[in-house]
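Pasting entry24.cif here (mmCIF, C-alpha atoms and all ligand atoms):
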data_final
loop_
_atom_site.label_atom_id
_atom_site.label_comp_id
_atom_site.auth_asym_id
_atom_site.auth_seq_id
_atom_site.Cartn_x
_atom_site.Cartn_y
_atom_site.Cartn_z
CA MET A 1 0.00 0.00 0.00
CA LYS A 2 1.18 3.52 -0.80
CA ASP A 3 1.93 5.86 2.06
CA ASN A 4 2.07 9.60 2.59
CA GLN A 5 1.11 12.03 5.33
CA THR A 6 -2.57 12.17 4.40
CA ILE A 7 -2.89 8.39 4.04
CA ALA A 8 -1.06 7.89 7.35
CA ILE A 9 -3.51 10.19 9.16
CA MET A 10 -6.48 8.37 7.64
CA MET A 11 -5.09 4.91 8.39
CA ASN A 12 -4.29 5.83 11.99
CA ARG A 13 -7.66 7.42 12.79
CA LYS A 14 -9.85 5.68 15.31
CA SER A 15 -12.88 6.70 17.34
CA THR A 16 -11.81 8.33 20.59
CA ARG A 17 -13.76 7.41 23.73
CA LYS A 18 -11.71 9.20 26.39
CA TYR A 19 -10.92 12.93 26.30
CA LYS A 20 -8.84 15.50 28.12
CA PRO A 21 -11.01 18.27 29.56
CA ALA A 22 -9.34 21.13 27.61
CA MET A 23 -11.63 22.89 25.16
CA PRO A 24 -9.98 23.17 21.72
CA GLU A 25 -9.16 26.75 20.71
CA PRO A 26 -11.87 28.50 18.65
CA GLU A 27 -9.41 28.79 15.75
CA VAL A 28 -8.84 25.02 15.83
CA LEU A 29 -12.59 24.31 15.78
CA GLU A 30 -13.20 26.81 13.01
CA THR A 31 -10.38 25.33 10.95
CA ILE A 32 -11.98 21.89 11.32
CA VAL A 33 -15.38 23.16 10.21
CA ARG A 34 -13.87 25.16 7.35
CA ALA A 35 -11.97 22.09 6.13
CA GLY A 36 -15.21 20.12 6.51
CA GLN A 37 -16.96 22.57 4.21
CA GLN A 38 -14.44 21.93 1.47
CA ALA A 39 -15.87 18.43 0.94
CA PRO A 40 -17.73 17.89 -2.32
CA PHE A 41 -21.38 18.92 -2.08
CA ALA A 42 -24.60 18.61 -4.04
CA SER A 43 -26.08 21.87 -2.69
CA GLN A 44 -24.40 22.56 0.70
CA LEU A 45 -27.42 21.05 2.40
CA TYR A 46 -25.94 21.08 5.88
CA SER A 47 -25.29 23.11 9.03
CA VAL A 48 -23.24 22.17 12.07
CA ILE A 49 -24.10 23.35 15.58
CA LEU A 50 -21.14 23.51 17.94
CA CYS A 51 -22.20 22.67 21.50
CA THR A 52 -19.83 23.58 24.32
CA LYS A 53 -22.21 23.79 27.28
CA GLY A 54 -23.24 20.75 29.26
CA LYS A 55 -21.88 17.22 29.38
CA PHE A 56 -21.01 15.12 26.39
CA ALA A 57 -20.33 11.43 25.82
CA PHE A 58 -16.89 10.15 26.87
CA LYS A 59 -16.36 13.44 28.76
CA ALA A 60 -15.56 15.20 25.48
CA PRO A 61 -15.32 18.98 25.90
CA CYS A 62 -17.54 19.70 22.90
CA SER A 63 -19.87 18.17 20.39
CA PHE A 64 -21.08 19.05 16.92
CA VAL A 65 -24.63 18.29 15.88
CA ILE A 66 -24.36 17.77 12.15
CA CYS A 67 -27.61 18.56 10.40
CA VAL A 68 -29.12 18.13 6.99
CA ASP A 69 -30.29 21.66 6.18
CA ALA A 70 -32.65 22.64 3.36
CA HIS A 71 -33.88 25.69 5.31
CA LYS A 72 -31.04 27.90 4.09
CA LEU A 73 -31.71 26.71 0.55
CA GLU A 74 -35.38 27.68 0.92
CA LEU A 75 -34.37 31.13 2.22
CA PHE A 76 -32.04 31.99 -0.62
CA MET A 77 -34.37 30.56 -3.26
CA LYS A 78 -37.17 32.78 -1.89
CA LYS A 79 -34.89 35.78 -2.31
CA ARG A 80 -34.54 34.80 -5.93
CA GLY A 81 -38.31 34.30 -6.37
CA TRP A 82 -38.29 30.50 -6.28
CA ASP A 83 -40.05 27.85 -4.18
CA ILE A 84 -38.60 24.41 -3.61
CA LYS A 85 -40.49 22.04 -5.94
CA THR A 86 -38.20 19.06 -5.40
CA ASN A 87 -39.66 16.26 -3.33
CA ARG A 88 -38.36 16.01 0.22
CA LEU A 89 -36.92 12.53 -0.26
CA THR A 90 -34.55 13.78 -2.96
CA LEU A 91 -33.51 16.68 -0.71
CA LEU A 92 -33.02 14.27 2.17
CA LEU A 93 -30.91 11.81 0.17
CA LEU A 94 -28.67 14.58 -1.14
CA GLY A 95 -28.59 16.35 2.21
CA MET A 96 -27.47 13.17 3.98
CA GLN A 97 -24.59 12.94 1.55
CA ASP A 98 -23.62 16.60 1.83
CA ALA A 99 -23.67 16.41 5.63
CA SER A 100 -21.82 13.07 5.72
CA TYR A 101 -18.96 14.11 3.46
CA MET A 102 -18.57 17.29 5.46
CA ALA A 103 -18.61 15.38 8.75
CA GLU A 104 -15.92 12.98 7.62
CA ASN A 105 -13.76 15.84 6.33
CA MET A 106 -14.09 17.34 9.81
CA VAL A 107 -13.00 14.06 11.41
CA ILE A 108 -9.87 13.87 9.26
CA ALA A 109 -9.04 17.56 9.72
CA ALA A 110 -9.41 17.11 13.48
CA GLU A 111 -7.14 14.06 13.43
CA SER A 112 -4.49 16.00 11.50
CA LEU A 113 -4.53 18.66 14.24
CA GLY A 114 -4.12 16.11 17.04
CA LEU A 115 -7.79 15.93 18.03
CA GLY A 116 -9.91 12.81 18.31
CA SER A 117 -13.62 12.40 17.68
CA CYS A 118 -16.47 9.91 17.83
CA PHE A 119 -19.80 9.86 16.05
CA LEU A 120 -22.90 9.11 18.10
CA GLY A 121 -25.66 7.34 16.22
CA GLU A 122 -28.54 8.10 18.60
CA GLY A 123 -28.86 11.48 16.91
CA SER A 124 -29.41 9.66 13.60
CA ILE A 125 -31.77 6.80 14.31
CA ASN A 126 -33.49 7.52 17.61
CA ALA A 127 -36.48 9.69 16.72
CA ASP A 128 -36.85 10.99 20.29
CA ARG A 129 -33.19 12.01 20.43
CA VAL A 130 -33.65 13.86 17.13
CA ARG A 131 -36.77 15.58 18.54
CA TYR A 132 -34.88 16.51 21.70
CA LEU A 133 -31.99 18.00 19.73
CA ALA A 134 -34.32 19.86 17.38
CA LYS A 135 -36.08 21.49 20.35
CA LYS A 136 -32.93 22.23 22.34
CA LEU A 137 -31.16 23.76 19.37
CA ASN A 138 -34.19 25.64 18.09
CA LEU A 139 -33.99 24.03 14.66
CA PRO A 140 -36.38 25.34 12.01
CA LYS A 141 -38.31 23.02 9.68
CA LEU A 142 -36.13 21.45 6.97
CA VAL A 143 -33.22 21.17 9.41
CA LEU A 144 -32.72 17.58 10.52
CA PRO A 145 -30.09 16.50 13.08
CA MET A 146 -28.21 13.72 11.28
CA VAL A 147 -25.48 12.69 13.69
CA GLU A 148 -23.59 13.98 16.72
CA LEU A 149 -19.81 14.20 16.67
CA VAL A 150 -17.99 14.62 19.98
CA MET A 151 -14.49 16.03 19.74
CA GLY A 152 -11.47 16.97 21.83
CA TYR A 153 -7.92 16.03 22.65
CA PRO A 154 -7.61 12.25 23.22
CA ASP A 155 -6.80 10.89 26.66
CA GLU A 156 -6.23 7.34 25.42
CA GLU A 157 -4.05 5.55 22.94
CA ALA A 158 -6.15 3.10 20.98
CA PRO A 159 -5.08 1.10 17.94
CA ALA A 160 -6.79 1.56 14.57
CA ARG A 161 -9.67 -0.85 14.10
CA PRO A 162 -9.89 -3.56 11.43
CA ARG A 163 -11.86 -3.35 8.22
CA TYR A 164 -13.13 -5.91 5.72
CA PRO A 165 -10.36 -7.18 3.45
CA MET A 166 -10.11 -5.76 -0.06
CA GLU A 167 -11.66 -8.92 -1.60
CA PHE A 168 -14.88 -8.17 0.34
CA THR A 169 -14.83 -4.44 -0.38
CA MET A 170 -13.78 -3.57 -3.92
CA PHE A 171 -15.20 -5.58 -6.77
CA LYS A 172 -13.84 -5.18 -10.26
CA ASP A 173 -16.29 -4.39 -13.08
CA ALA A 174 -19.27 -6.22 -11.55
CA TYR A 175 -20.57 -7.56 -8.28
CA PRO A 176 -19.26 -11.11 -7.81
CA GLU A 177 -21.05 -14.10 -6.38
CA LEU A 178 -19.60 -14.15 -2.89
CA ASP A 179 -18.51 -17.63 -1.94
CA ASP A 180 -18.50 -19.04 1.56
CA GLU A 181 -14.72 -18.99 1.95
CA THR A 182 -14.47 -15.28 1.11
CA LEU A 183 -17.33 -14.54 3.49
CA GLU A 184 -15.79 -16.53 6.33
CA ARG A 185 -12.32 -15.05 5.76
CA SER A 186 -13.79 -11.56 5.86
CA MET A 187 -15.81 -12.20 9.01
CA GLU A 188 -12.71 -13.65 10.63
CA VAL A 189 -10.61 -10.58 9.84
CA MET A 190 -13.17 -8.42 11.62
CA ASP A 191 -13.83 -10.74 14.55
CA LYS A 192 -10.20 -11.61 15.27
CA GLY A 193 -9.21 -7.96 14.85
CA TYR A 194 -11.72 -6.70 17.41
CA LEU A 195 -11.02 -9.60 19.80
CA ALA A 196 -7.29 -8.84 19.67
CA GLN A 197 -8.12 -5.37 21.02
CA ASP A 198 -10.58 -6.66 23.67
CA TYR A 199 -12.82 -4.05 22.08
CA TYR A 200 -16.22 -5.14 23.39
CA ALA A 201 -14.86 -6.44 26.72
CA LYS A 202 -13.26 -3.06 27.46
CA GLN A 203 -16.43 -1.14 26.61
CA LYS A 204 -18.69 -3.72 28.28
CA CYS A 205 -21.16 -3.22 25.49
CA LYS A 206 -22.46 -6.67 24.65
CA ILE A 207 -25.98 -6.41 23.23
CA ALA A 208 -28.44 -8.62 25.12
CA ILE A 209 -30.44 -11.19 23.21
CA GLU A 210 -34.15 -10.48 23.40
CA GLY A 211 -36.61 -13.35 23.66
CA THR A 212 -35.79 -16.98 24.31
CA LYS A 213 -32.67 -17.46 22.17
CA LYS A 214 -29.75 -18.49 24.39
CA ASP A 215 -26.70 -16.26 24.58
CA GLU A 216 -23.76 -18.55 23.90
CA TYR A 217 -21.11 -15.85 23.78
CA SER A 218 -18.83 -14.46 26.46
CA TYR A 219 -16.44 -11.53 25.95
CA ALA A 220 -13.82 -14.16 24.99
CA ASP A 221 -15.61 -14.82 21.69
CA TYR A 222 -18.18 -12.01 21.31
CA SER A 223 -16.99 -9.87 18.43
CA TRP A 224 -17.95 -7.59 15.60
CA THR A 225 -20.11 -9.81 13.38
CA GLU A 226 -22.11 -11.05 16.40
CA HIS A 227 -22.49 -7.48 17.73
CA ILE A 228 -23.71 -6.14 14.40
CA SER A 229 -26.02 -9.14 13.89
CA ARG A 230 -27.61 -8.53 17.30
CA LYS A 231 -28.26 -4.90 16.37
CA TRP A 232 -29.88 -5.42 13.03
CA GLY A 233 -31.45 -8.74 13.98
CA GLN A 234 -33.39 -7.14 16.84
CA TRP A 235 -33.66 -3.36 16.64
CA ALA A 236 -35.87 -0.83 14.88
CA GLU A 237 -38.21 -3.15 13.04
CA SER A 238 -40.83 -0.47 12.40
CA PRO A 239 -39.94 2.69 10.46
CA ASN A 240 -43.06 4.52 11.69
CA ASP A 241 -41.54 6.64 14.46
CA LEU A 242 -38.74 7.76 12.16
CA LEU A 243 -41.22 8.60 9.40
CA ASP A 244 -43.29 10.65 11.88
CA MET A 245 -40.17 12.46 13.07
CA LEU A 246 -39.07 13.19 9.50
CA ARG A 247 -42.49 14.64 8.73
CA GLU A 248 -42.27 16.83 11.85
CA ARG A 249 -38.91 18.11 10.60
CA GLY A 250 -40.40 18.98 7.21
CA PHE A 251 -39.09 15.94 5.34
CA SER A 252 -42.28 14.16 4.38
CA ILE A 253 -41.16 11.23 2.27
CA GLU A 254 -44.29 9.16 1.94
CA LYS A 255 -45.62 8.39 -1.51
CA ASP A 256 -47.93 11.00 -3.02
CA GLU A 257 -47.06 13.62 -0.44
CA ALA A 258 -44.67 15.48 -2.68
CA ASN A 259 -43.21 18.67 -1.24
CA GLY A 260 -44.31 17.69 2.25
CA LYS A 261 -47.54 19.66 1.86
C1 LIG B 301 -23.33 6.85 12.13
C2 LIG B 301 -22.39 6.39 13.21
C3 LIG B 301 -22.87 6.20 14.50
C4 LIG B 301 -22.01 5.82 15.54
N1 LIG B 301 -22.50 5.72 16.81
C5 LIG B 301 -21.66 5.42 17.82
C6 LIG B 301 -22.14 5.41 19.18
O1 LIG B 301 -23.32 5.65 19.44
N2 LIG B 301 -21.26 5.13 20.17
C7 LIG B 301 -19.94 4.87 19.91
O2 LIG B 301 -19.19 4.62 20.85
N3 LIG B 301 -19.45 4.87 18.64
C8 LIG B 301 -20.28 5.15 17.60
N4 LIG B 301 -19.80 5.20 16.31
C9 LIG B 301 -18.40 4.91 16.04
C10 LIG B 301 -18.27 3.50 15.47
O3 LIG B 301 -18.52 2.57 16.48
C11 LIG B 301 -16.85 3.35 14.91
O4 LIG B 301 -16.61 4.31 13.91
C12 LIG B 301 -16.65 1.95 14.30
O5 LIG B 301 -16.75 0.97 15.34
C13 LIG B 301 -15.29 1.81 13.66
O6 LIG B 301 -14.28 2.11 14.60
P1 LIG B 301 -13.23 3.29 14.38
O7 LIG B 301 -13.98 4.56 14.14
O8 LIG B 301 -12.44 3.34 15.68
O9 LIG B 301 -12.39 2.90 13.21
C14 LIG B 301 -20.64 5.58 15.26
C15 LIG B 301 -20.17 5.78 13.94
C16 LIG B 301 -21.02 6.18 12.95
C17 LIG B 301 -20.48 6.44 11.55
#
Would it be possible to restate this file's structure as structure tokens?
Ligand SMILES: Cc1cc2nc3c(=O)[nH]c(=O)nc-3n(C[C@H](O)[C@H](O)[C@H](O)COP(=O)(O)O)c2cc1C
Amino acid sequence: MKDNQTIAIMMNRKSTRKYKPAMPEPEVLETIVRAGQQAPFASQLYSVILCTKGKFAFKAPCSFVICVDAHKLELFMKKRGWDIKTNRLTLLLLGMQDASYMAENMVIAAESLGLGSCFLGEGSINADRVRYLAKKLNLPKLVLPMVELVMGYPDEEAPARPRYPMEFTMFKDAYPELDDETLERSMEVMDKGYLAQDYYAKQKCKIAIEGTKKDEYSYADYSWTEHISRKWGQWAESPNDLLDMLRERGFSIEKDEANGK
């Protein structure tokens, strides 16, 4: 694999879950956001809210709430005598991309300046958390909290985490039929990699099995593919609460409700 300063920063990045109390300098935080903005965009459908008051996960000194934002678009289009005709699902799909690319640029910029960060998914998929953030931050319609990103100077030294091998990630020219050996090799890379770091044991974050199925795993063999299977094999079966929340935020994506009206 090729190496240079940028690649080294990307390859060494890991989520930080322990922070020093020092608040990063305003210039540092602004640099991170400015570098974030330089990500490719469809229509700059994002805003980030920097939160410095209160307590944040992992004792981070600050947190960004990264939002999909079509409100600013609506404002400037009005100035030009236009209304948004585009359906809200299209705006949402593009806005999620704009906000995501910006967020990841911020993560890498932060890393390059010696800061660590960690995304928090509750602000993406827990409708009540989204509602709470929207109220607390006074978000207008067409602004949707997408994810929270805590940030600060790391107070831990963690190794970079494993990823799927290339054979399970990049496919040449067409999607292959994935055979059992490739699948098992790829699962093993992830599971052995996380076990080698005692990742779940250290965080004590085993997901309980709901219902009658017996839990046959201890922290000695509970790893990534089991963890992820327990999430998406048990959680969030109904989309209804999320659909309600999206409608409340102005992103009505049901069929035949074009423009959310
Ligand atoms: C959308 C999203 C939500 C996440 N939510 C959480 C979270 O709630 N708690 C947490 O500790 N890490 C969270 N993470 C961080 C992931 O666990 C982490 O990125 C992944 O395990 C890979 O590890 P690494 O970032 O150290 O390489 C989240 C990451 C993303 C992209």
What is the distance between atom CA of Tyr101 of chain A and atom CA of Val143 of chain A, in Å to one decimal?
->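 Between atom CA of Tyr101 of chain A and atom CA of Val143 of chain A the gap is 17.0 Å.
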Please measure the separation of atom CA of Asp191 of chain A and atom CA of Pro162 of chain A, giving the value in Å to one decimal.
-> 8.8 Å
Which protein, DNA or RNA residues have an atom within 9 Å of ligand LIG 301 (chain B), counting all atoms listed in the file, as an MDAnalysis selection string?
-> chainID A and resid 11:17 57:58 100 104 117:125 146:149 158:163 203 224
Using only C-alpha atoms, find the one residue out of A:Tyr199, A:Tyr222, A:Tyr46, A:Tyr132 that sits nearest to Leu92 of chain A.
->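 The shortest atom-to-atom distance to Leu92 of chain A comes from A:Tyr46.
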Å distance separating atom CA of Pro140 of chain A from atom CA of Asp256 of chain A, one decimal place |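 Atom CA of Asp256 of chain A lies at a distance of 23.8 Å from atom CA of Pro140 of chain A.
Nearest to Val107 of chain A of all the residues A:Phe171, A:Phe64, A:Trp82, A:Trp235 is A:Phe64, based on all atoms listed in the file.
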Determine, counting all atoms listed in the file, every residue of protein, DNA or RNA that lies within 10 Å of (-6.5, 9.9, 26.0) in the file coordinates, then give the result as a ChimeraX atom specification.
-> /A:16-20,116,152-158
Extract, using only C-alpha atoms, all DNA, RNA and protein residues at most 12 Å from Leu246 of chain A, discarding same-chain residues fewer than 3 positions from it, and format them as a ChimeraX atom specification.
-> /A:68,88-89,92,124-128,130-131,134,141-146,239-243,249-254,260
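Checking A:Leu91, A:Gly81, A:Met96, A:Ala39 one by one against Cys67 of chain A, counting all atoms listed in the file, you find the shortest gap at A:Met96.
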Write out as a count of residues only each polymer residue whose atoms come within 9 Å of Tyr200 of chain A, counting all atoms listed in the file; drop sequence neighbours fewer than 6 positions from it.
-> 7
Provide segment 217-228 of chain A rebuilt to all heavy atoms, formatted as a PDB file, keeping the file's coordinate frame.
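Result went into selection-v6.pdb, see below:
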ATOM      1  N   TYR A 217     -22.391 -16.557  23.904  1.00  0.00           N
ATOM      2  CA  TYR A 217     -21.110 -15.850  23.780  1.00  0.00           C
ATOM      3  C   TYR A 217     -20.698 -15.168  25.082  1.00  0.00           C
ATOM      4  O   TYR A 217     -21.524 -14.586  25.781  1.00  0.00           O
ATOM      5  CB  TYR A 217     -21.203 -14.782  22.684  1.00  0.00           C
ATOM      6  CG  TYR A 217     -21.239 -15.377  21.305  1.00  0.00           C
ATOM      7  CD1 TYR A 217     -22.450 -15.794  20.741  1.00  0.00           C
ATOM      8  CD2 TYR A 217     -20.068 -15.536  20.567  1.00  0.00           C
ATOM      9  CE1 TYR A 217     -22.494 -16.347  19.478  1.00  0.00           C
ATOM     10  CE2 TYR A 217     -20.099 -16.097  19.298  1.00  0.00           C
ATOM     11  CZ  TYR A 217     -21.320 -16.506  18.759  1.00  0.00           C
ATOM     12  OH  TYR A 217     -21.357 -17.056  17.510  1.00  0.00           O
ATOM     13  N   SER A 218     -19.399 -15.256  25.370  1.00  0.00           N
ATOM     14  CA  SER A 218     -18.830 -14.460  26.460  1.00  0.00           C
ATOM     15  C   SER A 218     -17.917 -13.432  25.779  1.00  0.00           C
ATOM     16  O   SER A 218     -17.717 -13.483  24.557  1.00  0.00           O
ATOM     17  CB  SER A 218     -18.015 -15.344  27.394  1.00  0.00           C
ATOM     18  OG  SER A 218     -16.823 -15.732  26.726  1.00  0.00           O
ATOM     19  N   TYR A 219     -17.326 -12.520  26.565  1.00  0.00           N
ATOM     20  CA  TYR A 219     -16.440 -11.530  25.950  1.00  0.00           C
ATOM     21  C   TYR A 219     -15.204 -12.180  25.312  1.00  0.00           C
ATOM     22  O   TYR A 219     -14.504 -11.548  24.537  1.00  0.00           O
ATOM     23  CB  TYR A 219     -16.035 -10.450  26.960  1.00  0.00           C
ATOM     24  CG  TYR A 219     -17.120  -9.399  27.135  1.00  0.00           C
ATOM     25  CD1 TYR A 219     -17.724  -9.185  28.377  1.00  0.00           C
ATOM     26  CD2 TYR A 219     -17.548  -8.639  26.059  1.00  0.00           C
ATOM     27  CE1 TYR A 219     -18.725  -8.231  28.531  1.00  0.00           C
ATOM     28  CE2 TYR A 219     -18.552  -7.692  26.196  1.00  0.00           C
ATOM     29  CZ  TYR A 219     -19.135  -7.492  27.436  1.00  0.00           C
ATOM     30  OH  TYR A 219     -20.124  -6.554  27.567  1.00  0.00           O
ATOM     31  N   ALA A 220     -14.961 -13.473  25.606  1.00  0.00           N
ATOM     32  CA  ALA A 220     -13.820 -14.160  24.990  1.00  0.00           C
ATOM     33  C   ALA A 220     -14.063 -14.434  23.505  1.00  0.00           C
ATOM     34  O   ALA A 220     -13.122 -14.525  22.719  1.00  0.00           O
ATOM     35  CB  ALA A 220     -13.536 -15.457  25.728  1.00  0.00           C
ATOM     36  N   ASP A 221     -15.347 -14.544  23.109  1.00  0.00           N
ATOM     37  CA  ASP A 221     -15.610 -14.820  21.690  1.00  0.00           C
ATOM     38  C   ASP A 221     -16.697 -13.929  21.071  1.00  0.00           C
ATOM     39  O   ASP A 221     -17.075 -14.113  19.915  1.00  0.00           O
ATOM     40  CB  ASP A 221     -15.935 -16.310  21.471  1.00  0.00           C
ATOM     41  CG  ASP A 221     -17.089 -16.776  22.354  1.00  0.00           C
ATOM     42  OD1 ASP A 221     -17.654 -15.940  23.087  1.00  0.00           O
ATOM     43  OD2 ASP A 221     -17.414 -17.978  22.309  1.00  0.00           O
ATOM     44  N   TYR A 222     -17.178 -12.955  21.847  1.00  0.00           N
ATOM     45  CA  TYR A 222     -18.180 -12.010  21.310  1.00  0.00           C
ATOM     46  C   TYR A 222     -17.435 -10.944  20.516  1.00  0.00           C
ATOM     47  O   TYR A 222     -16.613 -10.220  21.069  1.00  0.00           O
ATOM     48  CB  TYR A 222     -18.942 -11.372  22.476  1.00  0.00           C
ATOM     49  CG  TYR A 222     -19.990 -10.349  22.075  1.00  0.00           C
ATOM     50  CD1 TYR A 222     -21.298 -10.731  21.823  1.00  0.00           C
ATOM     51  CD2 TYR A 222     -19.663  -8.998  21.972  1.00  0.00           C
ATOM     52  CE1 TYR A 222     -22.265  -9.800  21.468  1.00  0.00           C
ATOM     53  CE2 TYR A 222     -20.627  -8.051  21.615  1.00  0.00           C
ATOM     54  CZ  TYR A 222     -21.919  -8.452  21.366  1.00  0.00           C
ATOM     55  OH  TYR A 222     -22.869  -7.531  21.016  1.00  0.00           O
ATOM     56  N   SER A 223     -17.717 -10.870  19.219  1.00  0.00           N
ATOM     57  CA  SER A 223     -16.990  -9.870  18.430  1.00  0.00           C
ATOM     58  C   SER A 223     -17.897  -9.166  17.421  1.00  0.00           C
ATOM     59  O   SER A 223     -19.118  -9.223  17.540  1.00  0.00           O
ATOM     60  CB  SER A 223     -15.767 -10.507  17.766  1.00  0.00           C
ATOM     61  OG  SER A 223     -14.875  -9.478  17.361  1.00  0.00           O
ATOM     62  N   TRP A 224     -17.247  -8.551  16.445  1.00  0.00           N
ATOM     63  CA  TRP A 224     -17.950  -7.590  15.600  1.00  0.00           C
ATOM     64  C   TRP A 224     -19.155  -8.165  14.857  1.00  0.00           C
ATOM     65  O   TRP A 224     -20.231  -7.577  14.861  1.00  0.00           O
ATOM     66  CB  TRP A 224     -16.970  -6.949  14.609  1.00  0.00           C
ATOM     67  CG  TRP A 224     -17.576  -5.816  13.862  1.00  0.00           C
ATOM     68  CD1 TRP A 224     -17.808  -4.552  14.313  1.00  0.00           C
ATOM     69  CD2 TRP A 224     -18.077  -5.850  12.511  1.00  0.00           C
ATOM     70  NE1 TRP A 224     -18.407  -3.787  13.333  1.00  0.00           N
ATOM     71  CE2 TRP A 224     -18.577  -4.569  12.220  1.00  0.00           C
ATOM     72  CE3 TRP A 224     -18.142  -6.838  11.521  1.00  0.00           C
ATOM     73  CZ2 TRP A 224     -19.126  -4.241  10.986  1.00  0.00           C
ATOM     74  CZ3 TRP A 224     -18.699  -6.509  10.287  1.00  0.00           C
ATOM     75  CH2 TRP A 224     -19.183  -5.223  10.028  1.00  0.00           C
ATOM     76  N   THR A 225     -18.987  -9.320  14.197  1.00  0.00           N
ATOM     77  CA  THR A 225     -20.110  -9.810  13.380  1.00  0.00           C
ATOM     78  C   THR A 225     -21.301 -10.231  14.249  1.00  0.00           C
ATOM     79  O   THR A 225     -22.451 -10.111  13.832  1.00  0.00           O
ATOM     80  CB  THR A 225     -19.694 -10.981  12.440  1.00  0.00           C
ATOM     81  OG1 THR A 225     -19.166 -12.053  13.236  1.00  0.00           O
ATOM     82  CG2 THR A 225     -18.653 -10.548  11.430  1.00  0.00           C
ATOM     83  N   GLU A 226     -21.023 -10.702  15.475  1.00  0.00           N
ATOM     84  CA  GLU A 226     -22.110 -11.050  16.400  1.00  0.00           C
ATOM     85  C   GLU A 226     -22.782  -9.757  16.893  1.00  0.00           C
ATOM     86  O   GLU A 226     -24.018  -9.667  16.949  1.00  0.00           O
ATOM     87  CB  GLU A 226     -21.559 -11.872  17.572  1.00  0.00           C
ATOM     88  CG  GLU A 226     -22.595 -12.287  18.608  1.00  0.00           C
ATOM     89  CD  GLU A 226     -23.678 -13.234  18.083  1.00  0.00           C
ATOM     90  OE1 GLU A 226     -23.477 -13.872  17.028  1.00  0.00           O
ATOM     91  OE2 GLU A 226     -24.745 -13.315  18.733  1.00  0.00           O
ATOM     92  N   HIS A 227     -21.974  -8.768  17.233  1.00  0.00           N
ATOM     93  CA  HIS A 227     -22.490  -7.480  17.730  1.00  0.00           C
ATOM     94  C   HIS A 227     -23.423  -6.842  16.690  1.00  0.00           C
ATOM     95  O   HIS A 227     -24.547  -6.442  17.002  1.00  0.00           O
ATOM     96  CB  HIS A 227     -21.304  -6.559  18.020  1.00  0.00           C
ATOM     97  CG  HIS A 227     -21.658  -5.270  18.697  1.00  0.00           C
ATOM     98  ND1 HIS A 227     -22.027  -5.192  20.023  1.00  0.00           N
ATOM     99  CD2 HIS A 227     -21.695  -3.988  18.231  1.00  0.00           C
ATOM    100  CE1 HIS A 227     -22.257  -3.925  20.346  1.00  0.00           C
ATOM    101  NE2 HIS A 227     -22.066  -3.184  19.280  1.00  0.00           N
ATOM    102  N   ILE A 228     -22.936  -6.782  15.466  1.00  0.00           N
ATOM    103  CA  ILE A 228     -23.710  -6.140  14.400  1.00  0.00           C
ATOM    104  C   ILE A 228     -24.975  -6.963  14.091  1.00  0.00           C
ATOM    105  O   ILE A 228     -26.045  -6.404  13.841  1.00  0.00           O
ATOM    106  CB  ILE A 228     -22.827  -5.971  13.127  1.00  0.00           C
ATOM    107  CG1 ILE A 228     -21.646  -5.019  13.432  1.00  0.00           C
ATOM    108  CG2 ILE A 228     -23.627  -5.469  11.937  1.00  0.00           C
ATOM    109  CD1 ILE A 228     -22.036  -3.627  13.862  1.00  0.00           C
TER     110      ILE A 228
END
